[in-house]
Every structure is written in C-alpha cells, then in structure tokens.
>>> print(open('data-v7.pdb').read())   # PDB, C-alpha atoms, pLDDT in the B column
ATOM      1  CA  MET A   1      42.775 102.453 111.370  1.00 43.00           C
ATOM      2  CA  SER A   2      46.110 103.832 110.222  1.00 46.00           C
ATOM      3  CA  PRO A   3      46.278 105.484 106.761  1.00 49.00           C
ATOM      4  CA  ARG A   4      48.591 102.691 105.552  1.00 49.00           C
ATOM      5  CA  ASN A   5      45.918 100.048 106.326  1.00 48.00           C
ATOM      6  CA  SER A   6      42.951 101.966 104.906  1.00 45.00           C
ATOM      7  CA  PRO A   7      40.912 100.540 101.988  1.00 48.00           C
ATOM      8  CA  ALA A   8      42.174 103.357  99.715  1.00 48.00           C
ATOM      9  CA  MET A   9      45.775 102.249 100.301  1.00 48.00           C
ATOM     10  CA  ALA A  10      44.907  98.633  99.471  1.00 50.00           C
ATOM     11  CA  SER A  11      43.785  99.630  95.982  1.00 66.00           C
ATOM     12  CA  MET A  12      46.857 101.733  95.186  1.00 82.00           C
ATOM     13  CA  PRO A  13      48.534 100.579  91.980  1.00 93.00           C
ATOM     14  CA  PHE A  14      51.978 101.612  93.280  1.00 95.00           C
ATOM     15  CA  LYS A  15      53.670 102.183  96.614  1.00 94.00           C
ATOM     16  CA  GLY A  16      56.846 103.964  97.619  1.00 95.00           C
ATOM     17  CA  GLY A  17      59.921 102.096  96.429  1.00 96.00           C
ATOM     18  CA  ASP A  18      58.231 100.227  93.563  1.00 97.00           C
ATOM     19  CA  ILE A  19      60.345  99.935  90.431  1.00 97.00           C
ATOM     20  CA  VAL A  20      58.359 101.054  87.378  1.00 98.00           C
ATOM     21  CA  ARG A  21      58.909 101.311  83.622  1.00 98.00           C
ATOM     22  CA  ILE A  22      57.852 104.637  82.153  1.00 98.00           C
ATOM     23  CA  VAL A  23      55.805 103.903  79.002  1.00 98.00           C
ATOM     24  CA  ALA A  24      54.795 107.540  78.443  1.00 98.00           C
ATOM     25  CA  CYS A  25      55.635 110.770  80.248  1.00 97.00           C
ATOM     26  CA  GLU A  26      53.930 114.079  79.638  1.00 95.00           C
ATOM     27  CA  ASP A  27      56.330 115.726  82.125  1.00 96.00           C
ATOM     28  CA  ASP A  28      59.593 114.717  80.351  1.00 97.00           C
ATOM     29  CA  PRO A  29      59.505 112.585  77.164  1.00 97.00           C
ATOM     30  CA  ARG A  30      63.195 111.665  77.657  1.00 97.00           C
ATOM     31  CA  ALA A  31      62.092 109.366  80.495  1.00 98.00           C
ATOM     32  CA  VAL A  32      60.027 107.091  78.206  1.00 98.00           C
ATOM     33  CA  GLY A  33      61.406 103.532  78.108  1.00 98.00           C
ATOM     34  CA  LYS A  34      63.474 103.975  81.256  1.00 98.00           C
ATOM     35  CA  THR A  35      62.887 102.552  84.730  1.00 98.00           C
ATOM     36  CA  GLY A  36      62.656 104.504  87.950  1.00 98.00           C
ATOM     37  CA  ARG A  37      61.499 104.258  91.555  1.00 98.00           C
ATOM     38  CA  VAL A  38      58.172 105.576  92.888  1.00 97.00           C
ATOM     39  CA  LEU A  39      58.712 108.056  95.717  1.00 97.00           C
ATOM     40  CA  ASP A  40      55.103 108.520  96.871  1.00 95.00           C
ATOM     41  CA  GLU A  41      54.083 106.791 100.098  1.00 93.00           C
ATOM     42  CA  VAL A  42      50.449 107.905  99.714  1.00 92.00           C
ATOM     43  CA  PRO A  43      48.180 108.211  96.658  1.00 92.00           C
ATOM     44  CA  PRO A  44      49.017 111.324  94.624  1.00 93.00           C
ATOM     45  CA  GLY A  45      46.672 114.260  95.081  1.00 94.00           C
ATOM     46  CA  PRO A  46      45.773 117.632  93.582  1.00 95.00           C
ATOM     47  CA  LEU A  47      49.171 119.191  94.328  1.00 94.00           C
ATOM     48  CA  THR A  48      50.834 116.948  91.723  1.00 94.00           C
ATOM     49  CA  GLY A  49      47.839 116.768  89.406  1.00 95.00           C
ATOM     50  CA  HIS A  50      47.209 113.206  90.653  1.00 95.00           C
ATOM     51  CA  ARG A  51      50.545 112.083  89.171  1.00 97.00           C
ATOM     52  CA  TRP A  52      53.157 109.790  90.745  1.00 97.00           C
ATOM     53  CA  THR A  53      56.659 111.079  91.466  1.00 97.00           C
ATOM     54  CA  VAL A  54      59.271 108.815  89.846  1.00 98.00           C
ATOM     55  CA  ASP A  55      62.975 109.218  90.696  1.00 97.00           C
ATOM     56  CA  ARG A  56      66.281 107.455  89.959  1.00 97.00           C
ATOM     57  CA  ILE A  57      65.638 107.451  86.224  1.00 97.00           C
ATOM     58  CA  SER A  58      68.965 108.745  84.970  1.00 95.00           C
ATOM     59  CA  VAL A  59      71.808 111.019  85.957  1.00 95.00           C
ATOM     60  CA  TRP A  60      70.544 113.458  83.309  1.00 95.00           C
ATOM     61  CA  ILE A  61      66.813 113.266  84.107  1.00 96.00           C
ATOM     62  CA  ALA A  62      65.375 114.825  87.266  1.00 97.00           C
ATOM     63  CA  PRO A  63      62.405 113.212  89.060  1.00 97.00           C
ATOM     64  CA  VAL A  64      59.283 113.277  86.891  1.00 98.00           C
ATOM     65  CA  LEU A  65      55.538 113.283  87.511  1.00 97.00           C
ATOM     66  CA  CYS A  66      53.604 110.549  85.675  1.00 97.00           C
ATOM     67  CA  HIS A  67      49.954 109.524  85.525  1.00 97.00           C
ATOM     68  CA  THR A  68      49.112 105.945  86.518  1.00 96.00           C
ATOM     69  CA  HIS A  69      48.487 104.927  82.888  1.00 96.00           C
ATOM     70  CA  GLU A  70      52.018 106.087  81.967  1.00 97.00           C
ATOM     71  CA  LEU A  71      53.694 103.570  84.312  1.00 97.00           C
ATOM     72  CA  ARG A  72      54.048  99.769  84.451  1.00 97.00           C
ATOM     73  CA  LYS A  73      55.235  97.905  87.545  1.00 97.00           C
ATOM     74  CA  GLU A  74      58.519  96.064  86.910  1.00 93.00           C
ATOM     75  CA  ASN A  75      58.766  93.657  89.849  1.00 72.00           C
TER      76      ASN A  75
END
>>> encode(input="data-v7.pdb", output="structure tokens")
Amino acid sequence: MSPRNSPAMASMPFKGGDIVRIVACEDDPRAVGKTGRVLDEVPPGPLTGHRWTVDRISVWIAPVLCHTHELRKEN
C-alpha cells in the first residue's frame, strides 16, 4: 500500500494545496485572518512540532507553522 493510500492519510484534515484560513497562529500573529495554502504532502511530524506549513499568505509574511486547531479549510 502506498503512503498516499494508507489509513493515516485518509484521516488527514488537510492535504498539500488546500486553501486554509488561519484563525490563530502561534508562529506569527500577523497571519491571523488571512488565507494561505498548505504545503505538506504528508502529516506533520516532530520536526515541525506537529504543525502544518502554510505558505502564500502575504508578500510580507513568510510561510508559517500552524497547529491543526489554528486552521480552517476554505474550499
């Protein structure tokens, strides 16, 4: 079974390319209320503190790391 078809992947709240609204952001509070795109293709792990990488937020805001509860799917 490929990693993309595994049961763990089926329960992922987000996948790479999803557009999300940032409702809270411990990493950078300036990102709150903005939308961005999830970069992660696999569930986040210990390297990122189990946080999702969100990019394309703003010209002035670099990619941020957000916990699942800090994001809401837009589409």
>>> residues_around(input="data-v7.pdb", residues="stretch 31-36 of chain A", least_positions_apart="4", cutoff="12 Å", atoms="all atoms listed in the file", output="PDB file with C-alpha atoms, in the frame of the given file")
ATOM      1  CA  GLY A  16      56.846 103.964  97.619  1.00 95.00           C
ATOM      2  CA  GLY A  17      59.921 102.096  96.429  1.00 96.00           C
ATOM      3  CA  ASP A  18      58.231 100.227  93.563  1.00 97.00           C
ATOM      4  CA  ILE A  19      60.345  99.935  90.431  1.00 97.00           C
ATOM      5  CA  VAL A  20      58.359 101.054  87.378  1.00 98.00           C
ATOM      6  CA  ARG A  21      58.909 101.311  83.622  1.00 98.00           C
ATOM      7  CA  ILE A  22      57.852 104.637  82.153  1.00 98.00           C
ATOM      8  CA  VAL A  23      55.805 103.903  79.002  1.00 98.00           C
ATOM      9  CA  ALA A  24      54.795 107.540  78.443  1.00 98.00           C
ATOM     10  CA  CYS A  25      55.635 110.770  80.248  1.00 97.00           C
ATOM     11  CA  GLU A  26      53.930 114.079  79.638  1.00 95.00           C
ATOM     12  CA  ASP A  27      56.330 115.726  82.125  1.00 96.00           C
ATOM     13  CA  TRP A  52      53.157 109.790  90.745  1.00 97.00           C
ATOM     14  CA  THR A  53      56.659 111.079  91.466  1.00 97.00           C
ATOM     15  CA  VAL A  54      59.271 108.815  89.846  1.00 98.00           C
ATOM     16  CA  ASP A  55      62.975 109.218  90.696  1.00 97.00           C
ATOM     17  CA  ARG A  56      66.281 107.455  89.959  1.00 97.00           C
ATOM     18  CA  ILE A  57      65.638 107.451  86.224  1.00 97.00           C
ATOM     19  CA  SER A  58      68.965 108.745  84.970  1.00 95.00           C
ATOM     20  CA  VAL A  59      71.808 111.019  85.957  1.00 95.00           C
ATOM     21  CA  TRP A  60      70.544 113.458  83.309  1.00 95.00           C
ATOM     22  CA  ILE A  61      66.813 113.266  84.107  1.00 96.00           C
ATOM     23  CA  ALA A  62      65.375 114.825  87.266  1.00 97.00           C
ATOM     24  CA  PRO A  63      62.405 113.212  89.060  1.00 97.00           C
ATOM     25  CA  VAL A  64      59.283 113.277  86.891  1.00 98.00           C
ATOM     26  CA  LEU A  65      55.538 113.283  87.511  1.00 97.00           C
ATOM     27  CA  CYS A  66      53.604 110.549  85.675  1.00 97.00           C
ATOM     28  CA  GLU A  70      52.018 106.087  81.967  1.00 97.00           C
ATOM     29  CA  LEU A  71      53.694 103.570  84.312  1.00 97.00           C
ATOM     30  CA  ARG A  72      54.048  99.769  84.451  1.00 97.00           C
ATOM     31  CA  LYS A  73      55.235  97.905  87.545  1.00 97.00           C
ATOM     32  CA  GLU A  74      58.519  96.064  86.910  1.00 93.00           C
ATOM     33  CA  ASN A  75      58.766  93.657  89.849  1.00 72.00           C
TER      34      ASN A  75
END
>>> atom_distance(input="data-v7.pdb", atom1="atom CA of A:Lys15", atom2="atom CA of A:Glu41")
5.8 Å
>>> atom_distance(input="data-v7.pdb", atom1="atom CA of A:Met12", atom2="atom CA of A:Pro44")
9.8 Å
>>> atom_distance(input="data-v7.pdb", atom1="atom CA of A:Gly49", atom2="atom CA of A:Asp28")
15.0 Å
>>> axis_aligned_box(input="data-v7.pdb", around="stretch 60-75 of chain A", padding_each_side="4 Å", output="lines of an AutoDock Vina configuration file")
center_x = 59.5
center_y = 104.2
center_z = 85.9
size_x = 30.1
size_y = 29.2
size_z = 15.9
>>> decode(input="data-v7.pdb", residues="stretch 42-56 of chain A", atoms="all heavy atoms", output="mmCIF file, in the first residue's frame")
data_model
loop_
_atom_site.group_PDB
_atom_site.id
_atom_site.type_symbol
_atom_site.label_atom_id
_atom_site.label_comp_id
_atom_site.auth_asym_id
_atom_site.auth_seq_id
_atom_site.Cartn_x
_atom_site.Cartn_y
_atom_site.Cartn_z
ATOM 1 N N VAL A 42 2.381 15.183 3.508
ATOM 2 C CA VAL A 42 2.240 14.115 4.499
ATOM 3 C C VAL A 42 1.890 14.751 5.839
ATOM 4 O O VAL A 42 2.111 15.951 6.027
ATOM 5 C CB VAL A 42 3.541 13.281 4.621
ATOM 6 C CG1 VAL A 42 3.847 12.569 3.320
ATOM 7 C CG2 VAL A 42 4.706 14.145 5.052
ATOM 8 N N PRO A 43 1.343 13.986 6.784
ATOM 9 C CA PRO A 43 1.021 14.571 8.089
ATOM 10 C C PRO A 43 2.271 15.165 8.734
ATOM 11 O O PRO A 43 3.350 14.597 8.643
ATOM 12 C CB PRO A 43 0.510 13.381 8.900
ATOM 13 C CG PRO A 43 0.087 12.370 7.901
ATOM 14 C CD PRO A 43 0.978 12.572 6.710
ATOM 15 N N PRO A 44 2.132 16.318 9.392
ATOM 16 C CA PRO A 44 3.302 16.927 10.032
ATOM 17 C C PRO A 44 3.805 16.054 11.180
ATOM 18 O O PRO A 44 3.031 15.369 11.838
ATOM 19 C CB PRO A 44 2.784 18.273 10.532
ATOM 20 C CG PRO A 44 1.311 18.197 10.505
ATOM 21 C CD PRO A 44 0.931 17.123 9.545
ATOM 22 N N GLY A 45 5.113 16.103 11.386
ATOM 23 C CA GLY A 45 5.731 15.265 12.412
ATOM 24 C C GLY A 45 6.503 16.063 13.445
ATOM 25 O O GLY A 45 6.334 17.282 13.572
ATOM 26 N N PRO A 46 7.391 15.399 14.171
ATOM 27 C CA PRO A 46 8.125 16.028 15.260
ATOM 28 C C PRO A 46 9.044 17.168 14.814
ATOM 29 O O PRO A 46 9.273 18.102 15.581
ATOM 30 C CB PRO A 46 8.939 14.900 15.874
ATOM 31 C CG PRO A 46 8.689 13.685 15.071
ATOM 32 C CD PRO A 46 7.660 13.981 14.045
ATOM 33 N N LEU A 47 9.539 17.125 13.606
ATOM 34 C CA LEU A 47 10.437 18.177 13.122
ATOM 35 C C LEU A 47 9.767 19.550 13.150
ATOM 36 O O LEU A 47 10.395 20.555 13.492
ATOM 37 C CB LEU A 47 10.927 17.851 11.704
ATOM 38 C CG LEU A 47 11.898 18.851 11.084
ATOM 39 C CD1 LEU A 47 13.200 18.891 11.889
ATOM 40 C CD2 LEU A 47 12.195 18.491 9.652
ATOM 41 N N THR A 48 8.487 19.606 12.845
ATOM 42 C CA THR A 48 7.754 20.881 12.842
ATOM 43 C C THR A 48 6.880 21.043 14.084
ATOM 44 O O THR A 48 6.055 21.949 14.136
ATOM 45 C CB THR A 48 6.846 20.995 11.597
ATOM 46 O OG1 THR A 48 5.867 19.958 11.647
ATOM 47 C CG2 THR A 48 7.641 20.956 10.316
ATOM 48 N N GLY A 49 7.060 20.187 15.062
ATOM 49 C CA GLY A 49 6.220 20.253 16.251
ATOM 50 C C GLY A 49 4.786 19.862 15.944
ATOM 51 O O GLY A 49 3.853 20.349 16.570
ATOM 52 N N HIS A 50 4.601 18.992 14.950
ATOM 53 C CA HIS A 50 3.285 18.527 14.507
ATOM 54 C C HIS A 50 2.412 19.686 14.017
ATOM 55 O O HIS A 50 1.205 19.689 14.207
ATOM 56 C CB HIS A 50 2.588 17.728 15.615
ATOM 57 C CG HIS A 50 3.388 16.537 16.025
ATOM 58 N ND1 HIS A 50 3.413 15.367 15.292
ATOM 59 C CD2 HIS A 50 4.241 16.335 17.066
ATOM 60 C CE1 HIS A 50 4.220 14.505 15.865
ATOM 61 N NE2 HIS A 50 4.738 15.066 16.941
ATOM 62 N N ARG A 51 3.057 20.668 13.368
ATOM 63 C CA ARG A 51 2.334 21.819 12.821
ATOM 64 C C ARG A 51 2.399 21.785 11.302
ATOM 65 O O ARG A 51 3.362 21.317 10.714
ATOM 66 C CB ARG A 51 2.946 23.123 13.337
ATOM 67 C CG ARG A 51 2.802 23.261 14.849
ATOM 68 C CD ARG A 51 3.494 24.479 15.361
ATOM 69 N NE ARG A 51 4.942 24.325 15.195
ATOM 70 C CZ ARG A 51 5.815 25.288 15.439
ATOM 71 N NH1 ARG A 51 5.417 26.468 15.848
ATOM 72 N NH2 ARG A 51 7.094 25.069 15.265
ATOM 73 N N TRP A 52 1.359 22.305 10.659
ATOM 74 C CA TRP A 52 1.266 22.378 9.201
ATOM 75 C C TRP A 52 2.025 23.592 8.693
ATOM 76 O O TRP A 52 1.990 24.654 9.305
ATOM 77 C CB TRP A 52 -0.194 22.492 8.772
ATOM 78 C CG TRP A 52 -1.019 21.308 9.150
ATOM 79 C CD1 TRP A 52 -1.746 21.155 10.301
ATOM 80 C CD2 TRP A 52 -1.190 20.119 8.399
ATOM 81 N NE1 TRP A 52 -2.355 19.928 10.299
ATOM 82 C CE2 TRP A 52 -2.037 19.274 9.145
ATOM 83 C CE3 TRP A 52 -0.711 19.678 7.169
ATOM 84 C CZ2 TRP A 52 -2.416 18.014 8.700
ATOM 85 C CZ3 TRP A 52 -1.100 18.433 6.731
ATOM 86 C CH2 TRP A 52 -1.937 17.617 7.476
ATOM 87 N N THR A 53 2.670 23.460 7.541
ATOM 88 C CA THR A 53 3.340 24.587 6.906
ATOM 89 C C THR A 53 2.345 25.255 5.958
ATOM 90 O O THR A 53 1.793 24.606 5.066
ATOM 91 C CB THR A 53 4.571 24.119 6.096
ATOM 92 O OG1 THR A 53 5.412 23.347 6.955
ATOM 93 C CG2 THR A 53 5.341 25.307 5.546
ATOM 94 N N VAL A 54 2.107 26.555 6.173
ATOM 95 C CA VAL A 54 1.162 27.310 5.354
ATOM 96 C C VAL A 54 1.926 28.427 4.655
ATOM 97 O O VAL A 54 2.649 29.196 5.292
ATOM 98 C CB VAL A 54 0.010 27.901 6.207
ATOM 99 C CG1 VAL A 54 -0.983 28.647 5.327
ATOM 100 C CG2 VAL A 54 -0.686 26.800 6.984
ATOM 101 N N ASP A 55 1.772 28.522 3.344
ATOM 102 C CA ASP A 55 2.506 29.473 2.505
ATOM 103 C C ASP A 55 1.505 30.326 1.722
ATOM 104 O O ASP A 55 0.302 30.105 1.793
ATOM 105 C CB ASP A 55 3.389 28.675 1.540
ATOM 106 C CG ASP A 55 4.398 29.539 0.801
ATOM 107 O OD1 ASP A 55 4.612 30.697 1.202
ATOM 108 O OD2 ASP A 55 4.977 29.042 -0.178
ATOM 109 N N ARG A 56 2.025 31.268 0.958
ATOM 110 C CA ARG A 56 1.228 32.163 0.114
ATOM 111 C C ARG A 56 0.201 32.949 0.929
ATOM 112 O O ARG A 56 -0.958 33.080 0.533
ATOM 113 C CB ARG A 56 0.542 31.406 -1.015
ATOM 114 C CG ARG A 56 1.522 30.785 -1.975
ATOM 115 C CD ARG A 56 0.815 30.223 -3.168
ATOM 116 N NE ARG A 56 1.753 29.551 -4.044
ATOM 117 C CZ ARG A 56 1.408 28.824 -5.064
ATOM 118 N NH1 ARG A 56 0.147 28.668 -5.359
ATOM 119 N NH2 ARG A 56 2.312 28.255 -5.803
#
